[in-house]
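Have a look at protein-v4.cif; it's mmCIF, C-alpha atoms:
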```cif
data_run
loop_
_atom_site.label_atom_id
_atom_site.label_comp_id
_atom_site.auth_asym_id
_atom_site.auth_seq_id
_atom_site.Cartn_x
_atom_site.Cartn_y
_atom_site.Cartn_z
CA MET A 1 78.03 108.60 -25.80
CA ASP A 2 80.48 111.46 -25.37
CA MET A 3 83.24 111.14 -28.02
CA ASP A 4 85.99 112.24 -25.65
CA ILE A 5 84.98 109.50 -23.21
CA PHE A 6 84.73 107.00 -26.04
CA GLN A 7 88.27 107.76 -27.25
CA LYS A 8 89.66 107.46 -23.72
CA ALA A 9 87.85 104.13 -23.32
CA ILE A 10 89.37 102.85 -26.57
CA ALA A 11 92.84 103.86 -25.37
CA LEU A 12 92.24 102.05 -22.07
CA ARG A 13 90.97 98.96 -23.87
CA HIS A 14 94.06 98.84 -26.06
CA GLU A 15 96.33 99.30 -23.05
CA LEU A 16 94.62 96.44 -21.20
CA HIS A 17 94.83 94.27 -24.30
CA ALA A 18 98.58 94.83 -24.49
CA HIS A 19 99.07 93.78 -20.86
CA PRO A 20 96.80 90.76 -20.22
CA GLU A 21 96.85 88.82 -16.96
CA LEU A 22 95.52 85.39 -16.11
CA SER A 23 92.84 84.67 -13.52
CA GLY A 24 94.14 85.27 -10.01
CA PHE A 25 97.00 87.50 -11.20
CA GLU A 26 95.10 90.63 -12.26
CA ILE A 27 96.34 93.02 -9.57
CA PRO A 28 98.22 95.28 -12.06
CA THR A 29 95.13 95.35 -14.29
CA LYS A 30 92.94 96.23 -11.32
CA ASN A 31 95.34 98.96 -10.22
CA ARG A 32 95.51 100.44 -13.73
CA ILE A 33 91.72 100.67 -14.04
CA MET A 34 91.50 102.27 -10.59
CA GLU A 35 94.15 104.78 -11.64
CA PHE A 36 92.28 105.49 -14.88
CA LEU A 37 89.06 106.23 -12.99
CA ARG A 38 90.86 108.51 -10.54
CA GLU A 39 92.40 110.39 -13.45
CA ASN A 40 89.14 110.77 -15.38
CA THR A 41 86.44 111.21 -12.72
CA SER A 42 85.99 113.54 -9.80
CA GLY A 43 82.99 112.34 -7.81
CA LEU A 44 83.34 108.58 -7.70
CA GLU A 45 84.22 106.69 -4.56
CA ILE A 46 86.67 103.86 -5.29
CA ARG A 47 87.00 100.89 -2.93
CA ASP A 48 89.91 98.48 -3.30
CA MET A 49 88.82 95.01 -2.19
CA GLY A 50 92.14 93.22 -2.75
CA LYS A 51 91.71 91.08 -5.85
CA TRP A 52 88.87 93.23 -7.15
CA PHE A 53 87.39 96.69 -6.69
CA TYR A 54 84.29 98.72 -7.20
CA ALA A 55 83.49 102.38 -7.80
CA ALA A 56 80.38 104.11 -6.49
CA CYS A 57 78.34 107.11 -7.54
CA ARG A 58 76.24 107.92 -4.49
CA SER A 59 73.07 109.97 -4.92
CA GLY A 60 71.61 109.92 -1.42
CA THR A 61 68.14 109.08 -2.77
CA GLU A 62 65.77 106.36 -1.60
CA ARG A 63 65.73 104.50 -4.93
CA PRO A 64 67.20 100.97 -4.86
CA ALA A 65 70.87 100.80 -5.74
CA ILE A 66 71.91 99.26 -9.06
CA ALA A 67 75.20 97.57 -10.01
CA PHE A 68 77.00 96.77 -13.25
CA ARG A 69 79.78 94.19 -13.55
CA ALA A 70 82.77 93.73 -15.87
CA ASP A 71 85.38 90.97 -15.78
CA ILE A 72 89.09 91.77 -16.20
CA ASP A 73 91.05 88.50 -16.62
CA ALA A 74 92.64 87.10 -19.78
CA LEU A 75 93.29 83.61 -21.18
CA PRO A 76 96.35 81.39 -21.73
CA ILE A 77 96.02 81.82 -25.51
CA GLU A 78 98.61 83.39 -27.81
CA ASP A 79 97.61 86.78 -29.24
CA LYS A 80 98.41 86.77 -32.96
CA LEU A 81 97.05 90.22 -33.81
CA ASP A 82 99.10 92.43 -36.09
CA ARG A 83 98.15 95.57 -34.21
CA PRO A 84 100.09 98.15 -32.18
CA TYR A 85 98.33 97.04 -29.00
CA ALA A 86 98.96 93.29 -29.43
CA SER A 87 99.72 91.39 -26.23
CA THR A 88 103.19 91.87 -24.82
CA VAL A 89 102.85 88.73 -22.67
CA LYS A 90 103.83 85.52 -24.42
CA GLY A 91 101.09 82.91 -24.41
CA VAL A 92 98.50 85.19 -22.77
CA GLY A 93 95.83 87.22 -24.54
CA HIS A 94 92.48 88.96 -24.05
CA LYS A 95 90.74 86.38 -26.23
CA CYS A 96 87.34 86.63 -24.56
CA GLY A 97 86.99 90.41 -24.68
CA HIS A 98 87.30 91.18 -20.98
CA ASP A 99 89.49 94.14 -21.92
CA GLY A 100 86.45 95.54 -23.77
CA HIS A 101 84.03 94.70 -20.97
CA ALA A 102 86.23 96.54 -18.47
CA ALA A 103 86.75 99.57 -20.74
CA SER A 104 83.00 99.75 -21.40
CA LEU A 105 82.25 99.85 -17.67
CA ALA A 106 84.95 102.48 -17.13
CA ALA A 107 83.41 104.62 -19.89
CA PHE A 108 79.99 104.21 -18.33
CA ALA A 109 81.40 105.25 -14.94
CA MET A 110 82.85 108.37 -16.55
CA GLU A 111 79.46 109.24 -18.09
CA VAL A 112 77.67 108.80 -14.77
CA ASP A 113 80.31 110.82 -12.95
CA ARG A 114 79.87 113.63 -15.48
CA HIS A 115 76.06 113.69 -15.56
CA GLY A 116 75.08 112.23 -12.18
CA ALA A 117 72.31 109.78 -11.29
CA ASP A 118 69.24 109.83 -9.07
CA ARG A 119 70.13 106.50 -7.44
CA ASP A 120 73.29 104.87 -6.12
CA VAL A 121 75.21 103.23 -8.97
CA PHE A 122 78.01 100.71 -8.43
CA PHE A 123 80.63 99.71 -10.99
CA LEU A 124 82.07 96.29 -10.18
CA PHE A 125 85.39 95.22 -11.74
CA GLN A 126 85.68 91.48 -11.12
CA HIS A 127 88.66 89.17 -11.25
CA ALA A 128 88.85 85.44 -12.14
CA GLU A 129 85.77 84.95 -14.27
CA GLU A 130 87.48 82.36 -16.46
CA THR A 131 87.99 80.00 -13.51
CA GLY A 132 84.57 80.62 -11.96
CA GLU A 133 86.05 81.97 -8.73
CA GLY A 134 85.66 85.75 -9.00
CA ALA A 135 81.92 86.37 -8.78
CA ALA A 136 81.52 84.22 -5.67
CA GLU A 137 83.94 86.55 -3.87
CA CYS A 138 82.50 89.74 -5.36
CA CYS A 139 78.98 88.90 -4.16
CA LYS A 140 80.13 90.69 -1.01
CA LEU A 141 79.32 93.97 -2.79
CA LEU A 142 75.61 93.12 -2.96
CA GLU A 143 75.36 92.88 0.83
CA LEU A 144 77.77 95.70 1.63
CA GLU A 145 75.86 98.22 -0.48
CA SER A 146 72.30 96.77 -0.38
CA VAL A 147 72.25 96.47 -4.18
CA GLY A 148 68.77 95.90 -5.63
CA GLU A 149 69.60 94.70 -9.16
CA ILE A 150 72.64 93.93 -11.28
CA TYR A 151 73.49 93.83 -15.00
CA GLY A 152 76.33 92.63 -17.18
CA PHE A 153 77.00 91.76 -20.80
CA HIS A 154 79.23 89.61 -22.98
CA ASN A 155 80.26 90.40 -26.53
CA ARG A 156 79.22 87.71 -29.02
CA PRO A 157 80.87 87.00 -32.39
CA GLY A 158 78.51 85.71 -35.06
CA ILE A 159 75.80 88.25 -34.19
CA PRO A 160 75.47 91.53 -36.15
CA LEU A 161 77.57 94.28 -34.60
CA GLY A 162 75.63 96.14 -31.89
CA THR A 163 72.65 93.76 -31.83
CA VAL A 164 71.48 92.95 -28.31
CA GLN A 165 70.43 89.42 -27.45
CA VAL A 166 68.45 88.45 -24.34
CA ARG A 167 66.89 85.33 -22.87
CA ASP A 168 64.61 84.86 -19.88
CA GLY A 169 65.75 82.09 -17.55
CA THR A 170 69.00 80.26 -18.15
CA VAL A 171 71.30 82.24 -20.45
CA TYR A 172 74.53 80.28 -19.87
CA CYS A 173 74.73 76.69 -18.66
CA GLY A 174 76.24 75.74 -15.34
CA SER A 175 79.30 73.51 -15.39
CA THR A 176 81.91 71.85 -13.23
CA GLY A 177 85.17 70.03 -13.83
CA VAL A 178 85.35 66.59 -12.21
CA ILE A 179 88.46 64.44 -11.72
CA PHE A 180 88.18 60.68 -11.19
CA ASP A 181 91.49 59.50 -9.74
CA PHE A 182 91.72 55.68 -9.75
CA ARG A 183 94.53 53.80 -7.98
CA GLY A 184 95.19 50.10 -8.43
CA THR A 185 98.32 47.98 -7.99
CA PRO A 186 101.17 47.48 -10.47
CA SER A 187 102.38 44.19 -11.86
CA HIS A 188 104.80 42.92 -14.47
CA ALA A 189 103.37 43.59 -17.91
CA SER A 190 103.55 39.86 -18.69
CA MET A 191 101.33 39.04 -15.74
CA PRO A 192 98.49 41.61 -15.76
CA GLU A 193 96.26 39.27 -13.74
CA LEU A 194 98.44 39.96 -10.68
CA GLY A 195 97.77 43.71 -10.73
CA ARG A 196 94.81 46.05 -10.82
CA ASN A 197 94.69 48.31 -13.85
CA PRO A 198 92.33 51.35 -13.83
CA ALA A 199 92.23 51.51 -17.64
CA TYR A 200 89.25 49.19 -17.85
CA ALA A 201 87.14 51.20 -15.42
CA ILE A 202 87.99 54.44 -17.24
CA ALA A 203 87.20 52.82 -20.59
CA GLU A 204 83.74 51.79 -19.36
CA ILE A 205 82.93 55.31 -18.19
CA ILE A 206 83.99 56.75 -21.55
CA THR A 207 81.98 54.12 -23.43
CA ASP A 208 78.82 54.83 -21.42
CA LEU A 209 79.04 58.65 -21.43
CA GLY A 210 76.68 59.04 -24.38
CA GLN A 211 74.01 56.82 -22.85
CA LEU A 212 74.19 58.64 -19.51
CA GLN A 213 73.25 61.92 -21.20
CA LYS A 214 70.14 60.54 -22.92
CA GLY A 215 66.64 59.59 -21.89
CA GLY A 216 63.66 61.23 -20.27
CA GLU A 217 65.54 61.97 -17.07
CA TYR A 218 66.52 65.43 -18.32
CA ARG A 219 64.30 68.19 -19.70
CA GLY A 220 67.17 70.54 -20.56
CA LEU A 221 70.62 70.21 -22.04
CA VAL A 222 73.13 68.07 -20.13
CA MET A 223 76.50 66.92 -21.39
CA ALA A 224 79.83 65.53 -20.23
CA THR A 225 82.98 66.28 -22.23
CA ILE A 226 86.22 64.33 -21.96
CA ILE A 227 89.04 66.75 -21.10
CA GLN A 228 91.95 64.43 -20.35
CA VAL A 229 92.76 60.74 -19.89
CA ASP A 230 96.01 59.93 -18.10
CA ILE A 231 96.75 56.25 -17.46
CA GLY A 232 100.04 54.65 -16.40
CA GLU A 233 103.58 55.65 -17.28
CA ARG A 234 105.98 55.08 -20.16
CA ALA A 235 107.42 51.84 -18.73
CA PHE A 236 106.69 48.90 -21.01
CA GLY A 237 107.50 46.27 -18.42
CA ILE A 238 104.97 47.50 -15.86
CA GLN A 239 101.18 47.37 -16.07
CA ALA A 240 99.40 50.66 -15.39
CA SER A 241 98.16 51.10 -11.84
CA ARG A 242 97.15 54.77 -11.74
CA GLY A 243 94.67 56.54 -13.95
CA LYS A 244 92.80 59.83 -14.08
CA LEU A 245 89.78 60.80 -16.10
CA LEU A 246 88.93 64.52 -16.33
CA LEU A 247 85.49 65.58 -17.49
CA THR A 248 83.56 68.83 -17.77
CA VAL A 249 79.90 68.30 -16.89
CA ARG A 250 77.37 70.99 -17.82
CA GLY A 251 73.65 71.53 -17.80
CA GLU A 252 70.92 74.06 -18.49
CA TYR A 253 69.41 73.41 -15.05
CA GLU A 254 71.65 73.02 -12.03
CA GLU A 255 69.56 70.24 -10.52
CA GLU A 256 69.97 68.23 -13.73
CA LEU A 257 73.71 68.94 -13.87
CA LYS A 258 73.93 67.58 -10.31
CA ARG A 259 71.87 64.55 -11.32
CA LEU A 260 74.20 63.71 -14.20
CA LEU A 261 77.20 64.26 -11.95
CA GLY A 262 75.64 61.97 -9.33
CA ASN A 263 75.09 59.26 -11.95
CA LEU A 264 78.72 59.55 -13.07
CA ASN A 265 79.97 59.38 -9.49
CA ARG A 266 77.92 56.23 -8.76
CA MET A 267 79.20 54.59 -11.93
CA ALA A 268 82.80 55.43 -11.03
CA ARG A 269 82.42 54.08 -7.49
CA ASN A 270 80.76 50.89 -8.71
CA LEU A 271 83.53 50.30 -11.23
CA ALA A 272 86.21 51.01 -8.63
CA GLU A 273 84.66 48.38 -6.39
CA ARG A 274 84.33 45.85 -9.24
CA TYR A 275 87.95 46.24 -10.31
CA GLY A 276 89.37 46.54 -6.79
CA LEU A 277 90.52 50.13 -7.16
CA ASP A 278 90.75 53.06 -4.79
CA LEU A 279 88.99 56.20 -6.02
CA ASP A 280 89.18 59.89 -5.19
CA ILE A 281 86.72 62.34 -6.78
CA SER A 282 87.46 66.07 -6.85
CA TYR A 283 85.99 69.16 -8.53
CA CYS A 284 87.28 72.39 -10.05
CA ASP A 285 86.21 75.35 -12.22
CA THR A 286 82.62 75.24 -10.97
CA PHE A 287 80.14 77.69 -12.51
CA PRO A 288 76.47 78.16 -11.61
CA ASN A 289 73.92 78.43 -14.40
CA THR A 290 73.47 82.11 -15.25
CA VAL A 291 69.83 83.16 -15.06
CA SER A 292 68.35 86.44 -16.31
CA HIS A 293 65.14 87.65 -14.70
CA LYS A 294 62.29 88.57 -17.02
CA ALA A 295 61.53 91.91 -15.36
CA CYS A 296 65.16 93.00 -15.86
CA ASN A 297 65.20 91.74 -19.45
CA ASP A 298 61.97 93.64 -20.10
CA LYS A 299 63.75 96.86 -19.19
CA ILE A 300 66.42 96.06 -21.77
CA ARG A 301 63.75 95.27 -24.37
CA ARG A 302 62.01 98.62 -23.77
CA ILE A 303 65.27 100.58 -23.93
CA CYS A 304 66.33 98.91 -27.17
CA ALA A 305 62.94 99.60 -28.71
CA ALA A 306 63.09 103.26 -27.68
CA GLN A 307 66.68 103.77 -28.85
CA GLY A 308 66.33 101.77 -32.06
CA ILE A 309 68.94 99.24 -30.94
CA PRO A 310 68.41 95.91 -32.75
CA ILE A 311 67.37 93.21 -30.28
CA ARG A 312 66.50 89.57 -30.59
CA GLU A 313 65.69 86.63 -28.35
CA MET A 314 68.29 83.94 -27.70
CA PRO A 315 66.58 80.68 -28.74
CA GLU A 316 68.49 78.45 -26.31
CA PRO A 317 71.07 78.89 -23.57
CA ARG A 318 74.76 78.99 -24.36
CA ARG A 319 76.56 75.76 -23.57
CA SER A 320 79.46 77.81 -22.23
CA SER A 321 79.49 79.01 -18.63
CA GLU A 322 79.63 82.41 -16.92
CA ASP A 323 80.05 83.05 -13.20
CA PHE A 324 77.63 86.03 -13.32
CA GLY A 325 75.02 83.52 -12.16
CA HIS A 326 76.31 83.90 -8.59
CA TYR A 327 74.85 87.41 -8.53
CA THR A 328 71.41 86.58 -9.92
CA LYS A 329 71.02 83.80 -7.37
CA ILE A 330 70.93 86.58 -4.75
CA ILE A 331 69.23 89.56 -6.42
CA PRO A 332 67.33 90.24 -9.67
CA GLY A 333 69.45 90.96 -12.70
CA ALA A 334 70.13 90.25 -16.33
CA PHE A 335 73.10 89.09 -18.35
CA PHE A 336 72.81 89.84 -22.07
CA GLU A 337 74.91 89.73 -25.22
CA ILE A 338 75.99 92.42 -27.66
CA GLY A 339 76.92 91.34 -31.17
CA ALA A 340 80.60 91.63 -32.09
CA GLY A 341 79.91 91.18 -35.79
CA GLU A 342 79.10 88.26 -38.04
CA ASP A 343 82.67 88.12 -39.36
CA CYS A 344 84.37 88.55 -35.98
CA PRO A 345 86.63 85.59 -35.10
CA GLU A 346 85.20 83.34 -32.42
CA LEU A 347 85.95 83.81 -28.72
CA HIS A 348 88.95 81.94 -27.28
CA THR A 349 90.78 81.92 -30.62
CA GLU A 350 94.15 83.48 -31.51
CA GLY A 351 92.65 85.92 -34.02
CA TYR A 352 89.87 87.32 -31.83
CA ASP A 353 89.84 91.02 -30.86
CA PHE A 354 87.08 92.92 -29.07
CA PRO A 355 85.39 95.43 -31.44
CA ASP A 356 85.59 98.91 -29.91
CA ALA A 357 82.19 99.87 -31.32
CA VAL A 358 80.51 97.45 -28.89
CA MET A 359 81.39 99.82 -26.05
CA ALA A 360 79.10 102.56 -27.37
CA THR A 361 76.09 100.22 -27.43
CA ALA A 362 76.82 98.99 -23.90
CA VAL A 363 77.19 102.48 -22.46
CA GLU A 364 74.02 103.85 -24.09
CA LEU A 365 72.00 100.90 -22.83
CA TYR A 366 73.48 101.14 -19.33
CA LEU A 367 72.73 104.88 -19.14
CA ASP A 368 69.03 104.22 -19.66
CA LEU A 369 68.99 101.33 -17.17
CA ILE A 370 69.83 103.68 -14.30
CA LYS A 371 66.95 106.06 -15.08
#
```

Translate this structure into structure tokens?
Amino acid sequence: MDMDIFQKAIALRHELHAHPELSGFEIPTKNRIMEFLRENTSGLEIRDMGKWFYAACRSGTERPAIAFRADIDALPIEDKLDRPYASTVKGVGHKCGHDGHAASLAAFAMEVDRHGADRDVFFLFQHAEETGEGAAECCKLLELESVGEIYGFHNRPGIPLGTVQVRDGTVYCGSTGVIFDFRGTPSHASMPELGRNPAYAIAEIITDLGQLQKGGEYRGLVMATIIQVDIGERAFGIQASRGKLLLTVRGEYEEELKRLLGNLNRMARNLAERYGLDLDISYCDTFPNTVSHKACNDKIRRICAAQGIPIREMPEPRRSSEDFGHYTKIIPGAFFEIGAGEDCPELHTEGYDFPDAVMATAVELYLDLIK
């Protein structure tokens, strides 16, 4: 990797880190990256798509086009770094490393602009990964530009710095947030038999969660996590009549995630009927399972072997979710990890910071993927 490009990428990464923006509010981040590419490249075509954008290096050859994706949003987590580029936005920080993902892709775009490519290469800068909304919108690129394959990476604390990790099949579990909103009728607290209290229905769901996730019905990982329980109000003379239970349901295989969700929904409806409650069920933050295709992973394996980049197989999918799976539902692709160091603080924590050295590994690997 060219050292001048690397230093510019580090400066960009630090600038993005200092000015993080939450999912859905990344327009200034998007505009800054577009400006950076205009300042540091000469042959790229840049297309502003509103909430997101992509850059293109067009070759005019018959080879299938290839795309690379980076996310750009931050998290509602305080940045407690004692560094000159610490977040200037209270309560918001790049605590998942999307500043580094974006700077890596910008550096790669600069390399391709400088040296050219014998196929069309697209650099996709995606919004709203943390809420699961961005990739579904950015899939438009695949059709617009007839993209043949797509790649992306995530940095991973706990893995030796620069080590690449791949897995065929499901890499990150799918997940969805579900809200069970029960409505009963109030009564005087001294006469609970005259009202309908949703607490008992919610308590039964919570009690049975563990059993629902067991048994031979599932071949992969499934789990439901309690996010919030909100029952009644602070009024000691009135029995609760409204209650919400928020869960995150996840699974290695989407069909099994849907099966667990279906079982939960049936239980909730049956309990609502038994206790005489009204029930609304809604969903949010839905992520597909992210699948890497073996043929695409094999390219990464060969490149790592040739370059001497340490590589290992991921033994099981991550429980966490990634919306990159929207892309690999449509075209072949791979989503892999690059180690951020065994001593690097964990993602989504106040002390986390993306290691700049990860960018060099990403760019070198990406450069060989376009050959």

**Request:** Can you pull out every residue within 10 Å of Asp353 of chain A, counting all atoms listed in the file, but drop anything in the same chain fewer than 2 positions away, and send it as a VMD selection string?
**Result:** chain A and resid 17 79 to 81 86 93 to 97 99 to 100 157 340 344 to 351 355 to 356

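Residues with any atom within 6 Å of the point (94.5, 81.3, -18.5), counting all atoms listed in the file, are A:Leu22, A:Leu75, A:Pro76.
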
**Prompt:** Near Lys90 of chain A, within 8 Å and counting all atoms listed in the file, which residues show up once chain neighbours fewer than 2 positions away are dropped, as a ChimeraX atom specification?
**Reply:** /A:78-79,87-88,92

**Request:** Evaluate the PyMOL selection byres ((chain A and resi 65-72) around 7) here and jot the selected residues down as a PyMOL selection string.
**Result:** chain A and resi 63-64+73-74+98-99+101-102+105+119-127+129+146-152

Writer output for current selection, C-alpha atoms, as an mmCIF file, in the frame of the given file:
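Contents of result-v3.cif, as written:
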```cif
data_model
loop_
_atom_site.group_PDB
_atom_site.id
_atom_site.type_symbol
_atom_site.label_atom_id
_atom_site.label_comp_id
_atom_site.auth_asym_id
_atom_site.auth_seq_id
_atom_site.Cartn_x
_atom_site.Cartn_y
_atom_site.Cartn_z
ATOM 1 C CA ARG A 63 65.730 104.500 -4.930
ATOM 2 C CA PRO A 64 67.200 100.970 -4.860
ATOM 3 C CA ASP A 73 91.050 88.500 -16.620
ATOM 4 C CA ALA A 74 92.640 87.100 -19.780
ATOM 5 C CA HIS A 98 87.300 91.180 -20.980
ATOM 6 C CA ASP A 99 89.490 94.140 -21.920
ATOM 7 C CA HIS A 101 84.030 94.700 -20.970
ATOM 8 C CA ALA A 102 86.230 96.540 -18.470
ATOM 9 C CA LEU A 105 82.250 99.850 -17.670
ATOM 10 C CA ARG A 119 70.130 106.500 -7.440
ATOM 11 C CA ASP A 120 73.290 104.870 -6.120
ATOM 12 C CA VAL A 121 75.210 103.230 -8.970
ATOM 13 C CA PHE A 122 78.010 100.710 -8.430
ATOM 14 C CA PHE A 123 80.630 99.710 -10.990
ATOM 15 C CA LEU A 124 82.070 96.290 -10.180
ATOM 16 C CA PHE A 125 85.390 95.220 -11.740
ATOM 17 C CA GLN A 126 85.680 91.480 -11.120
ATOM 18 C CA HIS A 127 88.660 89.170 -11.250
ATOM 19 C CA GLU A 129 85.770 84.950 -14.270
ATOM 20 C CA SER A 146 72.300 96.770 -0.380
ATOM 21 C CA VAL A 147 72.250 96.470 -4.180
ATOM 22 C CA GLY A 148 68.770 95.900 -5.630
ATOM 23 C CA GLU A 149 69.600 94.700 -9.160
ATOM 24 C CA ILE A 150 72.640 93.930 -11.280
ATOM 25 C CA TYR A 151 73.490 93.830 -15.000
ATOM 26 C CA GLY A 152 76.330 92.630 -17.180
#
```

**Item:** d(atom CA of Glu254 of chain A, atom CA of Cys173 of chain A) in Å
**Value:** 8.2 Å

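Omitting Leu257 of chain A and its sequence neighbours fewer than 2 positions away, and counting only C-alpha atoms, the residues within 9 Å are Gly174, Ser175, Thr176, Leu221, Val222, Met223, Val249, Arg250, Gly251, Glu252, Tyr253, Glu254, Glu255, Arg259, Leu260, Leu261 and Gly262 of chain A.
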
**Message:** Please determine, counting only C-alpha atoms, which residue among A:Ile338, A:Ile10, A:Ala362, A:Ala240 has the shortest atom-to-atom distance to Gly158 of chain A.
**Reply:**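 Using only C-alpha atoms, Gly158 of chain A sits closest to A:Ile338.
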